[in-house]
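Participant: Sending over a structure as C-alpha cells; questions will come in a sec.
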Amino acid sequence: MAIAADRSFLPSLQRPRSSRRLEPGLATRRLGSEIYRVPGGGSVAIALEAGDRLTLVDPEGRQPGELVAFDANGRPALGALGARDDGPALGLQQALIEDEESGPAVRWSLARRGLNLAEARAHRVFAKEGPAGARASFTAQAPLVVLLAAPGAAMDPGEQAPPTDLLAEVVRFEARPPQLMPLPDPLAEPRYELRIDRCTARAYEVKAGEFIQIIDVAGRQCSDFLSFDRRKLEAGREVFPEMAMTRSFLGMGYAQPGLAAKFFDQDAQAQLEVIQDTVGRHDTFGLACAPKYYDDVGYPGHVNCTENLNGALAPFGVAPRLGWPAINYFYNTHINHQNVYYLEEPFSRPGDYVLVRALTDLVCASTACPDDISAANGWTPTDIHVRVYSPEKSFRKAVAYRMTPDAEPRLTRETGFHPRTSALTRNFTEYRGFWLPNHFNNKGPVEEYWACRERAIVMDLSALRKFEVTGPDAETLMQTALTRNVRKLAVGQVVYSAMCYETGGMIDDGTLFRLGQDNFRWIGGDDYGGIWLRQLAEKLGLKAWVKSSTDQLHNLSVQGPKSREILQQVVWTPPAQADLSELDWFRFSYGRIGDHNGPPIVVSRTGYTGELGYEVFCHPKHAVQVWDAIWEAGQPHGLEPLGLAALDILRIEAGLIFGGYEFSDQTDPFEAGIAFTVPLKGKTDDFVGKAALVKRKESPQRVLVGLELAGNEPAGHGDCVHVGRNQVGVVTSGTRSPLTGKSIALCRMDVTYAAIGTAVEVGKIDGHQKRIPAEVVRFPFYDPDKLKPRGLA
C-alpha cells in the first residue's frame, strides 16, 4: 500500500498542450480504468480480480476512508490487498444504516453475495486533517469484493466538518475490451436479463408494471427500442409508441422522468413511463437505421437496425417494415437553424442507462445499433444490456446530474423538505440535481407571488451549493477568489459577491458567511465554485480546505412582510446571538427551533425576492420539524408555499440576477448589473480577474438595463433588442409583472442605448417580422432603493 498527498488528479488551471482530444469521462481514462464515487457518509462495493490496482483519492481533504475486503469464500481478506487490520468496520456499518443514497444498493449487493459484516475488519485511510488530493493505493492478490466507505456524522448548521466524497480508481490487470466492460450492479434482483450483442437486435416480453433497464455497456452506443401492446398484437393490431403523438402531448422532444414521463401509442394511450435516465439525450425524430440509409451513402447490404428488428419480431407476428419509427435511446441528434437534422457522438458513458415502466403487457425489441460509418455510435458499435425487474420493486424518479463534465453522475435527490412539499404539489422540476416545486396545487405562480408581496411565503431552496472554507489561509483564499473585500467582513456577517475568472467573466455569484476568524461558508448556484476555490488554494499554496456541505445543509426561504413575525414565534437564539428582532440585513445568527432543545439552525436575513426575508438552514434529518414549526406559526399570517415559477417573477421585478441568464463566463459583473460587488477603489488587494475588470470598467460596452414593453406580450430570454435594423441588446429575463400589470424585462444593452427613456424594440419571430415597442426604465422595477429588505418600508 502506498499513500501520498498527490494532487495530480486535480484539473489543471491551464489547458494542457496536447493534440489529443479531451473527452471527459471516456478517452481521458486509461484502457481498463474505472472510476467509482464513494459518497460522503456512504459506501460502495467493487469486485476486483488478482492484479487489479485500487487507488483511493480524497479530493477535498479531511475525509477519512474505510476499506473492507472479502475473498471468494466470503471471508475477511484485508491481507490480500496488503492492507492492515485497524479494527471493526464501524464506519462502514454506520454508512450502510444511515446513508439512504448508497446504503440500500450496497446492502443488496452484500446479500446477493452472501457477505456478512458482523465480523468484518477494516483498514482506515486518510487523516482527519489530511490534504486535498491524498491518495492510497492497493493491489489485489486474489479475487476480492472490496467495500469502501467515507464515514462521517451528520453536520449541524453551525459546524464545518461535512462528510465528503472519496473517489476510487480501479486499473484492471487485464484490460477488458469494450464489450466486457463491467456492468453496474442491478438496481434490484432482476426477473431476467439479456445481452444485445453489437450489431444485433432481440425481442422480449414484459408484463404490466415491470421495469425495463436499457444499459449502454461501453458508452456511446445507441439502442433503438420498440414496444407493442401485447393484447392488441394478439388481436391483429400493431400498436406501438407514436412519436408525433408523444411530442405533441408532452410539448417535449421525448419523455423524461417527472411530469412529462410517458410515451403514448397510436391510440393515445400511455404505454411506457420513464422512471430514471442517466443520459438525458435521446431521439424520437429519426427512423431506426434502415437499408436505404446505407444504400444512399454507398454501403449497400450493410447490417441495419430495421432488418434486425424485423427478424427479432417476426416470431410475434409483427409485419416487417422498410423503416421503424423507434425510440432511439442514447442518440444525440439536433435540428439546426438551417433545418438540417444531424447527429453527433452520444452523451452516454459506460454503464449509463434508461429505466422505463411498462404500463401494459408488452412485446419489446431492443437493438445494439450497427452504424459504424458515422458518429452515431462513436464510430465503434458495442453491446447493449437489458434487465427486467418485477412490478413490486420500487425505484425513485430521477435523472443523472454531473457536477462537472468528467464527474461521476448522481441521480436526482429529494430535499429534506420533500415529504411536506410533495403533499402540496406533484409539479416538480429537476433543478441542479434536486426535485424542487414549480408551483403548488390550487394556487399558481401569480397567487404565490402576491402571498410573498403581501404576507409571507416559504420556499425550498436546498439546491443552493454550500462549501465550508476553513484553515489559517481561508481569509486569504476568499479575498483572492471573490470581488468583495472579505477582510472587512465581520464574524456573523454575510456579503454578496461575484466570483470571476482572470478574464473578468463570472464563474458564479453568491453569499459568503463569516463563521469565525478562519471560517467561512460560500453559498452559490454552481458546483464548480467549490472546485475553483480548491484549485486556487492549490495554485497559491494556501493552507485552506474547501469542503462540500450541500447534502448536510438544506434551507428554507421565508420571505415577505410577515416573515419576521412568523419566525419570531419559532426561532430561539442564545443570549450571545442576535434574536430575530435585532438581526440586521445580511447578518446571521445561530439558533434552534422552539427552544434550546430544538433542532439546530442558522438563520440569515437574506433572500432572493426583494422583500423582507430570512433563510433558515438545517440538517436534512431535521427538515420536516423545521418546516412544520414554520408552517404552523405562519398559518394565522397567511403563509403560503412558493415555487420556482413565482420566484422568477419576484426576482425579475427586484432586479436580481440568475446564472445562465444575466451572467455567464462571457459576462463581467458590470455587464451583469452588479457593479457594486467590485469595489476597485476600496479593495487594494489583488483578486482573480482584477486587472481585466479595471480595463473593462474603463471601456464598458454593455450594461444591464430594465425594459418596459408595450402591450401584454412578454419578452423571453434571448429575444433580440433593436434600434432600427441594428441589434443593440438581448433580453436576459422577462415576465409579466403582476404588480404593474406590464411586461418587463432585464436586458443586456449596448451602453449607447442604455439611458433611461431610450426607445427600443424587442424582436420576435426572426427579430424583424414582429417588433414590440419598449423603453429603457429604471430598475429594479420593484423597490429600487431596497427599503423593504432593509426593513425601512
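Here, A, B, ... name the chains of the C-alpha cells in the order displayed, residue numbers run from 1 inside each chain, and ligands are numbered from 1 in the same displayed order.
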Write out, as JSON lines, each residue of region 754-780 of chain A that has an atom at most 7 Å from region 719-733 of chain A, together with the closest pair of atoms and their distance in Å to one decimal, counting only C-alpha atoms, rows going by chain and rising number.
Facilitator:
{"residue": "A:Val760", "atom": "CA", "partner": "A:Val723", "partner_atom": "CA", "distance": 5.4}
{"residue": "A:Glu761", "atom": "CA", "partner": "A:His722", "partner_atom": "CA", "distance": 5.1}
{"residue": "A:Val762", "atom": "CA", "partner": "A:Val721", "partner_atom": "CA", "distance": 4.5}
{"residue": "A:Gly763", "atom": "CA", "partner": "A:Cys720", "partner_atom": "CA", "distance": 5.2}
{"residue": "A:Lys764", "atom": "CA", "partner": "A:Asp719", "partner_atom": "CA", "distance": 6.7}
{"residue": "A:Gly767", "atom": "CA", "partner": "A:Cys720", "partner_atom": "CA", "distance": 6.3}
Participant: Could you please write out, as a PyMOL selection string, every residue of region 141-203 of chain A that DSSP assigns to strand (DSSP E or B)?
Facilitator: chain A and resi 144-150+166-171+192-196+201-203
Participant: What lies within 12 Å of Gln276 (chain A) using only C-alpha atoms, ignoring chain neighbours under 2 positions off, as a VMD selection string?
Facilitator: chain A and resid 187 211 to 215 255 to 258 261 273 to 274 278 to 280 352 to 357 394 to 401 410 to 413
Participant: Out of A:Glu454, A:Asp648, A:Asp372, A:Asp224, which residue has the shortest atom-to-atom distance to Asn328 (chain A) when counting only C-alpha atoms?
Facilitator: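 Using only C-alpha atoms, the shortest distance to Asn328 (chain A) belongs to A:Asp224.
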Participant: Tell me which protein, DNA and RNA residues are within 9 Å of Thr429 (chain A), counting only C-alpha atoms, leaving out same-chain ones fewer than 2 positions away, and put them as a list in words.
Facilitator: Gly258, Leu259, Asn427, Tyr431, Phe434, Trp435, Leu436, Pro437, Asn438 and Leu644 of chain A
Participant: Could you write out that same residue set with C-alpha atoms as a tab-separated table (two decimals), in the first residue's frame?
Facilitator:
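For reference, selection-v4.tsv as written:
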chain	number	residue	atom	x	y	z
A	258	GLY	CA	-41.01	13.72	-13.93
A	259	LEU	CA	-44.38	15.00	-15.12
A	427	ASN	CA	-45.46	19.70	-10.15
A	431	TYR	CA	-33.00	21.71	-10.69
A	434	PHE	CA	-32.79	18.07	-6.84
A	435	TRP	CA	-36.55	17.93	-7.34
A	436	LEU	CA	-37.96	21.37	-6.50
A	437	PRO	CA	-41.61	22.51	-6.75
A	438	ASN	CA	-42.52	24.57	-9.78
A	644	LEU	CA	-39.76	28.34	-8.83
Participant: Would you please work out which residue, of A:Leu90, A:Val688, A:Leu96, A:Leu533, is nearest to Gly504 (chain A) when using only C-alpha atoms?
Facilitator: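 Of A:Leu90, A:Val688, A:Leu96, A:Leu533, the one nearest Gly504 (chain A), counting only C-alpha atoms, is A:Val688.
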